[in-house]
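What follows is a set of notes on a single structure, which appears directly below.
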Amino acid sequence: MINKHIIKQKALDLGFDLVGITSAQPIDNRDISALQKWLERGFEAHMGYMRKNIDKRTDPSKLLADARSVICVALNYKVTASCKKPDKNKATVADFALYEDYHSFIKKRLFVLADFIKTKTSPGTFKFKACVDSVPLAERSLAERAGLGFIGKNRMLINPELGSNLFLAELICNLELSPDEPMEAQCHSCDKCVKACPTGALNASKGLDSNKCASYLTIEHRQQIPESEQSGIGNCLFGCDKCSSVCPFDINAPKCKNKDIRFFDQRRDFCPDALISWQQEDFDKAFKGSTVERLGLDLLKRNARICSNNLNAKKAR
Ligand code: B12
Ligand code: SF4
Ligand code: SF4
C-alpha cells in the first residue's frame with residue numbers, strides 16, 4: 001500500500017500549495033442541508049446545473065465506482081506584489097482571471113500526480129477521476145473535511161496561513177488512504193466580508209444569493225442584467241473579490257509562488273468605453289487562453305456598459 005505522505009509530497013512538488021486527504025464518503029449532513037436550503041431559496045439563480053446531479057455533487061463515490069479517498073489540492077493565486085493595483089476609475093477583472101485558465105493548468109498536474117501513483121501501485125489497479133471546478137462535486141466541503149482550511153462567512157475555503165485565494169481541485173481515487181483532520185472555523189465575531197459586499201448578496205447565516213452577486217452576474221448570468229442589480233456591480237467587469245480582499249486572512253497572505261502558471265498583468269483593468277467598441281480580434285488579443293474567453297465578447301460588452309454607467313454616475317456625484 002502506498003504511503004499517503006509520498007502522494008502529498010509529490011503534489012507539493014508539482015506546485016500545489018496545499019494537499020489533504022478525506023474519505024470518499026458523502027459530504028457531511030450539515031453541508032448537504034446547506035446546499036438544499038441554498039437551492040430552496042433559489043440562490044443558484046440561473047445556474048440550472050446546480051440543481052442537477054445532486055447525488056454526485058454530494059457523494060464522490062457516485063463519480064467513481066470503488067472510490068475510497070479524495071486527494072484535495074489547492075493552488076494559491078494571490079497576485080504578486082508587483083501586480084498593477086486595480087484603477088478605481090476603470091472596469092476591473094477579478095484576480096483569478098488574471099492567470100491563464102486554471103482548469104487545464106491544474107488538470108494536467110492532477111494527471112501527472114495520477115501517473116506517479118500508478119507507478120507506486122500494482123499495474124492496472126489504480127482508478128481515479130480528476131476534478132476541477134466544473135465537475136458536479138462540493139469542492140469546498142471536501143477541502144474543508146480534508147483539512148485544507150475552514151469555510152468562512154464569505155463562503156470561501158480559507159486556509160489560516162494562505163487565505164482564500166485558492167483554486168481547489170481533487171483526485172477521487174480507489175486507494176484507502178488515512179484521512180486528515182478538519183479544522184475549526186475561525187471567523188469568530190468578524191463580519192467584515194458581509195459588510196463589504198456591495199450588493200447585499202452575502203448573508204452570514206443564509207449564505208450567498210447569486211441573484212445579487214456581482215461575480216455571478218458578470219460571469220455566469222447569460223441574459224440582460226436586471227436594472228435593480230446593475231449599480232451594485234460598480235466597476236466589476238468580470239468577477240468580484242470584495243468579500244475576500246477585506247478578509248484579515250487574505251490581507252497578509254503570501255503571494256502565488258507557482259512560476260509555471262502564466263499571469264497577465266495587462267488584463268487587470270480596462271477603459272469600459274473603449275471596450276464597448278472592441279472587435280473580436282481585440283477580445284482575442286486581450287483574453288486568449290483566459291477564463292474570460294468563455295464569457296465571449298458580447299457579454300463582456302454588456303458588463304462594460306454597466307461599468308461605464310456606474311463610473312459616470314460616480315463622477316457626477
Ligand atoms: C456555483 C459557484 C459559484 C457561484 C455561487 C458561489 C457560492 N458561494 O455558492 C458564483 C458564480 C457566485 C461564484 C463566485 C465565486 N467563485 Co465560485 N464556484 C461555484 C462552484 C461551481 C459551486 C459552488 C457551490 O457548490 N455552491 C453551492 C453553495 C451551497 O455552496 P457553498 O456556499 O460553498 O456551501 C457549501 C459549503 O461551503 C458548506 N456550507 C454551506 N453553508 C455553510 C455554512 C457553514 C457555517 C459552514 C461551515 C459550511 C457551509 O456546504 C455547502 C455544500 O457543499 C464551485 C466549484 C465546485 N465544483 O464546487 C466554484 C468555487 C466555489 N468558486 C471559486 C471562486 C474562486 C469564486 C470567486 C472567488 C470568483 C470571483 N473572484 O469572482 C467567487 C467567490 C464568491 C463567494 N464568496 O463564494 C472557488 C473557491 C475557492 C475557495 N477558496 O473557496 C471554487 C471552489 C472553484 C475552484 N475549483 O477553485 N462561484
Ligand atoms: S463576490 Fe462580491 S458581490 Fe458576490 S458576495 Fe462577494 S463581495 Fe458580494
Ligand atoms: S472577513 Fe471575517 S467573517 Fe468574513 S470570512 Fe474573513 S474572517 Fe470570516
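Ligands are numbered from 1 in the order shown, chains are lettered A, B, ... in the order of the C-alpha cells, and residues start at 1 in each chain.
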Residue contacts of A:Phe167 (8 Å, only C-alpha atoms) excluding same-chain residues fewer than 2 positions away, as a list in words: Ala74, Leu75, Asn76, Tyr77, Tyr102, Asn165 and Ala169 of chain A
Written selection (N, CA and C atoms) as a short mmCIF file (atom, residue, chain, number, x, y, z; two decimals), in the first residue's frame:
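Full text of again-v1.cif as output:
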data_model
loop_
_atom_site.label_atom_id
_atom_site.label_comp_id
_atom_site.auth_asym_id
_atom_site.auth_seq_id
_atom_site.Cartn_x
_atom_site.Cartn_y
_atom_site.Cartn_z
N ALA A 74 -4.89 22.46 -3.42
CA ALA A 74 -5.21 23.87 -3.63
C ALA A 74 -3.98 24.58 -4.17
N LEU A 75 -4.24 25.53 -5.06
CA LEU A 75 -3.16 26.34 -5.64
C LEU A 75 -3.41 27.80 -5.28
N ASN A 76 -2.44 28.42 -4.64
CA ASN A 76 -2.58 29.81 -4.20
C ASN A 76 -2.49 30.76 -5.40
N TYR A 77 -3.55 31.58 -5.60
CA TYR A 77 -3.50 32.52 -6.73
C TYR A 77 -3.43 33.98 -6.28
N TYR A 102 -7.19 28.33 -15.25
CA TYR A 102 -6.64 27.40 -14.26
C TYR A 102 -7.13 25.97 -14.44
N ASN A 165 -7.49 32.89 -1.48
CA ASN A 165 -7.25 32.95 -2.93
C ASN A 165 -6.66 31.61 -3.37
N ALA A 169 -9.08 21.65 -6.28
CA ALA A 169 -9.21 20.54 -7.22
C ALA A 169 -9.05 19.22 -6.46
#
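The set of residues in stretch 212-284 of chain A assigned to alpha helix (DSSP H) by DSSP, using only backbone atoms of this structure, is A:Ala214, A:Ser215, A:Tyr216, A:Leu217, A:Thr218, A:Ile219, A:Glu227, A:Ser228, A:Glu229, A:Gln230, A:Lys242, A:Cys243, A:Ser244, A:Ser245, A:Pro248, A:Phe249, A:Asp250, A:Ile251, A:Pro272, A:Asp273, A:Ala274, A:Leu275, A:Ile276, A:Gln280, A:Glu281, A:Asp282, A:Phe283, A:Asp284.
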Which neighbours of stretch 267-283 of chain A fall inside 8 Å, counting only C-alpha atoms, when residues of the same chain fewer than 3 positions from it are skipped, and could you give them as a CSV table (one decimal) with C-alpha atoms, in the first residue's frame?
chain,number,residue,atom,x,y,z
A,84,LYS,CA,-0.7,46.6,-11.0
A,85,LYS,CA,-3.3,47.8,-8.4
A,86,PRO,CA,-6.8,48.0,-10.0
A,87,ASP,CA,-7.6,51.5,-11.2
A,90,LYS,CA,-11.6,51.7,-14.9
A,91,ALA,CA,-13.5,48.4,-15.3
A,92,THR,CA,-11.6,45.6,-13.4
A,93,VAL,CA,-11.1,41.9,-13.7
A,94,ALA,CA,-11.0,39.7,-10.6
A,95,ASP,CA,-7.7,38.3,-9.5
A,98,LEU,CA,-5.6,37.4,-14.5
A,264,PHE,CA,-1.2,38.6,-17.3
A,286,ALA,CA,-6.7,40.5,-24.6
A,287,PHE,CA,-8.1,37.3,-23.3
A,288,LYS,CA,-6.9,34.3,-25.4
A,297,LEU,CA,-17.2,39.4,-26.4
A,301,LYS,CA,-19.5,44.4,-23.6
A,304,ALA,CA,-18.6,47.1,-19.8
A,305,ARG,CA,-21.7,49.2,-20.5
A,307,CYS,CA,-19.3,49.6,-15.5
A,308,SER,CA,-19.3,52.7,-17.7
Given only C-alpha atoms as the counted atoms, nearest of A:Ile158, A:Val73, A:Leu300, A:Val112 to A:Glu220: A:Leu300
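Proximal residues of ligand 3 are A:Gly152, A:Lys153, A:Asn154, A:Cys187, A:Cys190, A:Asp191, A:Lys192, A:Cys193, A:Val246, A:Cys247, A:Pro248, by a cut-off of 6 Å on only C-alpha atoms and all ligand atoms.
If you measure from each of A:Asp101, A:Asp180, A:Asp260, A:Asp265 to A:Ser82 using only C-alpha atoms, the closest one turns out to be A:Asp265.
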Step by step, measure atom-to-atom distances between ligand 1 and each residue using only C-alpha atoms and all ligand atoms, keep those at most 7 Å, then write them as a PyMOL selection string. chain A and resi 30-32+34-35+38+44+50+94-96+132-141+150-158+164-169+185+205+207-208+210+213+215-216+219-220+239-241+243
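Using only C-alpha atoms, the smallest distance between any of A:Arg222, A:Lys212, A:His103, A:Lys314 and A:Arg302 comes from A:Arg222.
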Per DSSP on the backbone, what are the strand (DSSP E) residues of stretch 107-267 of chain A, as a PDB file with N, CA, C and O atoms, in the first residue's frame?
ATOM      1  N   PHE A 128      -8.981   6.491 -10.908  1.00  0.00           N
ATOM      2  CA  PHE A 128      -9.140   7.855 -10.394  1.00  0.00           C
ATOM      3  C   PHE A 128     -10.046   8.685 -11.288  1.00  0.00           C
ATOM      4  O   PHE A 128     -10.309   8.330 -12.438  1.00  0.00           O
ATOM      5  N   LYS A 129     -10.526   9.796 -10.732  1.00  0.00           N
ATOM      6  CA  LYS A 129     -11.214  10.824 -11.532  1.00  0.00           C
ATOM      7  C   LYS A 129     -10.662  12.177 -11.090  1.00  0.00           C
ATOM      8  O   LYS A 129     -10.651  12.498  -9.901  1.00  0.00           O
ATOM      9  N   ALA A 130     -10.173  12.940 -12.076  1.00  0.00           N
ATOM     10  CA  ALA A 130      -9.620  14.270 -11.781  1.00  0.00           C
ATOM     11  C   ALA A 130     -10.736  15.313 -11.896  1.00  0.00           C
ATOM     12  O   ALA A 130     -11.484  15.313 -12.875  1.00  0.00           O
ATOM     13  N   CYS A 131     -10.860  16.163 -10.885  1.00  0.00           N
ATOM     14  CA  CYS A 131     -11.956  17.157 -10.855  1.00  0.00           C
ATOM     15  C   CYS A 131     -11.410  18.562 -10.616  1.00  0.00           C
ATOM     16  O   CYS A 131     -10.610  18.756  -9.689  1.00  0.00           O
ATOM     17  N   PHE A 150     -11.006  26.240   6.488  1.00  0.00           N
ATOM     18  CA  PHE A 150     -12.380  26.255   7.016  1.00  0.00           C
ATOM     19  C   PHE A 150     -13.245  27.117   6.101  1.00  0.00           C
ATOM     20  O   PHE A 150     -12.721  27.917   5.312  1.00  0.00           O
ATOM     21  N   ILE A 151     -14.564  26.944   6.193  1.00  0.00           N
ATOM     22  CA  ILE A 151     -15.476  27.745   5.373  1.00  0.00           C
ATOM     23  C   ILE A 151     -15.768  29.049   6.130  1.00  0.00           C
ATOM     24  O   ILE A 151     -16.301  29.009   7.237  1.00  0.00           O
ATOM     25  N   LEU A 157     -13.307  28.866   1.074  1.00  0.00           N
ATOM     26  CA  LEU A 157     -12.479  27.951   1.849  1.00  0.00           C
ATOM     27  C   LEU A 157     -11.226  28.750   2.195  1.00  0.00           C
ATOM     28  O   LEU A 157     -10.492  29.186   1.299  1.00  0.00           O
ATOM     29  N   ILE A 158     -11.014  28.957   3.497  1.00  0.00           N
ATOM     30  CA  ILE A 158      -9.916  29.809   3.949  1.00  0.00           C
ATOM     31  C   ILE A 158      -8.873  28.978   4.675  1.00  0.00           C
ATOM     32  O   ILE A 158      -9.202  28.252   5.621  1.00  0.00           O
ATOM     33  N   LEU A 166      -7.501  30.615  -3.380  1.00  0.00           N
ATOM     34  CA  LEU A 166      -7.048  29.243  -3.636  1.00  0.00           C
ATOM     35  C   LEU A 166      -7.934  28.585  -4.683  1.00  0.00           C
ATOM     36  O   LEU A 166      -9.155  28.569  -4.523  1.00  0.00           O
ATOM     37  N   PHE A 167      -7.328  28.073  -5.721  1.00  0.00           N
ATOM     38  CA  PHE A 167      -8.076  27.224  -6.646  1.00  0.00           C
ATOM     39  C   PHE A 167      -8.131  25.842  -6.008  1.00  0.00           C
ATOM     40  O   PHE A 167      -7.109  25.334  -5.530  1.00  0.00           O
ATOM     41  N   LEU A 168      -9.306  25.226  -6.035  1.00  0.00           N
ATOM     42  CA  LEU A 168      -9.454  23.888  -5.448  1.00  0.00           C
ATOM     43  C   LEU A 168      -9.587  22.836  -6.546  1.00  0.00           C
ATOM     44  O   LEU A 168     -10.171  23.115  -7.605  1.00  0.00           O
ATOM     45  N   ALA A 169      -9.078  21.650  -6.277  1.00  0.00           N
ATOM     46  CA  ALA A 169      -9.206  20.536  -7.225  1.00  0.00           C
ATOM     47  C   ALA A 169      -9.053  19.220  -6.461  1.00  0.00           C
ATOM     48  O   ALA A 169      -8.575  19.223  -5.327  1.00  0.00           O
ATOM     49  N   GLU A 170      -9.456  18.131  -7.086  1.00  0.00           N
ATOM     50  CA  GLU A 170      -9.467  16.841  -6.387  1.00  0.00           C
ATOM     51  C   GLU A 170      -9.104  15.681  -7.315  1.00  0.00           C
ATOM     52  O   GLU A 170      -9.371  15.738  -8.513  1.00  0.00           O
ATOM     53  N   LEU A 171      -8.522  14.670  -6.707  1.00  0.00           N
ATOM     54  CA  LEU A 171      -8.337  13.389  -7.372  1.00  0.00           C
ATOM     55  C   LEU A 171      -9.132  12.387  -6.538  1.00  0.00           C
ATOM     56  O   LEU A 171      -8.747  12.056  -5.415  1.00  0.00           O
ATOM     57  N   ILE A 172     -10.298  11.971  -7.076  1.00  0.00           N
ATOM     58  CA  ILE A 172     -11.065  10.926  -6.379  1.00  0.00           C
ATOM     59  C   ILE A 172     -10.397   9.610  -6.775  1.00  0.00           C
ATOM     60  O   ILE A 172     -10.102   9.401  -7.966  1.00  0.00           O
ATOM     61  N   CYS A 173     -10.133   8.737  -5.827  1.00  0.00           N
ATOM     62  CA  CYS A 173      -9.421   7.511  -6.209  1.00  0.00           C
ATOM     63  C   CYS A 173      -9.856   6.296  -5.392  1.00  0.00           C
ATOM     64  O   CYS A 173     -10.573   6.434  -4.397  1.00  0.00           O
ATOM     65  N   LEU A 202     -24.384  38.738   0.302  1.00  0.00           N
ATOM     66  CA  LEU A 202     -23.825  37.853   1.325  1.00  0.00           C
ATOM     67  C   LEU A 202     -24.545  38.017   2.652  1.00  0.00           C
ATOM     68  O   LEU A 202     -24.705  39.135   3.145  1.00  0.00           O
ATOM     69  N   ASN A 203     -24.948  36.880   3.205  1.00  0.00           N
ATOM     70  CA  ASN A 203     -25.625  36.891   4.490  1.00  0.00           C
ATOM     71  C   ASN A 203     -24.950  35.808   5.341  1.00  0.00           C
ATOM     72  O   ASN A 203     -24.799  34.679   4.887  1.00  0.00           O
ATOM     73  N   GLY A 207     -26.010  32.456   3.584  1.00  0.00           N
ATOM     74  CA  GLY A 207     -25.044  32.190   2.525  1.00  0.00           C
ATOM     75  C   GLY A 207     -25.137  33.226   1.422  1.00  0.00           C
ATOM     76  O   GLY A 207     -25.590  34.350   1.639  1.00  0.00           O
ATOM     77  N   LEU A 208     -24.722  32.824   0.245  1.00  0.00           N
ATOM     78  CA  LEU A 208     -24.579  33.784  -0.852  1.00  0.00           C
ATOM     79  C   LEU A 208     -25.739  33.672  -1.844  1.00  0.00           C
ATOM     80  O   LEU A 208     -25.982  32.600  -2.397  1.00  0.00           O
ATOM     81  N   CYS A 236     -16.987  46.216 -11.592  1.00  0.00           N
ATOM     82  CA  CYS A 236     -16.592  44.806 -11.808  1.00  0.00           C
ATOM     83  C   CYS A 236     -16.888  44.418 -13.262  1.00  0.00           C
ATOM     84  O   CYS A 236     -18.045  44.277 -13.643  1.00  0.00           O
ATOM     85  N   LEU A 237     -15.848  44.206 -14.019  1.00  0.00           N
ATOM     86  CA  LEU A 237     -16.021  43.801 -15.417  1.00  0.00           C
ATOM     87  C   LEU A 237     -16.182  42.282 -15.520  1.00  0.00           C
ATOM     88  O   LEU A 237     -16.957  41.775 -16.329  1.00  0.00           O
ATOM     89  N   PHE A 238     -15.455  41.561 -14.668  1.00  0.00           N
ATOM     90  CA  PHE A 238     -15.510  40.093 -14.694  1.00  0.00           C
ATOM     91  C   PHE A 238     -15.104  39.588 -13.318  1.00  0.00           C
ATOM     92  O   PHE A 238     -13.944  39.644 -12.942  1.00  0.00           O
TER      93      PHE A 238
END
Distance in Å - atom CA of A:Val79 versus atom CA of A:Leu299: 25.4 Å
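Ranking A:Leu217, A:Lys285, A:Lys206, A:Ile261 by their shortest atom-to-atom distance to A:Arg41, with only C-alpha atoms included, puts A:Lys206 first.
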For a test of reading the model, state the distance in Å between atom CA of A:Asn303 and atom CA of A:Gly289, rounded to one decimal. 19.7 Å
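For the choices A:Glu161, A:Asp28, A:Asp66, A:Asp209, the atom-to-atom distance to A:Pro254 is smallest for A:Glu161 when using only C-alpha atoms.
When only C-alpha atoms are used to compute distances to A:Ile71, the closest of the residues A:Leu162, A:Ala201, A:Met1, A:Leu177 turns out to be A:Leu177.
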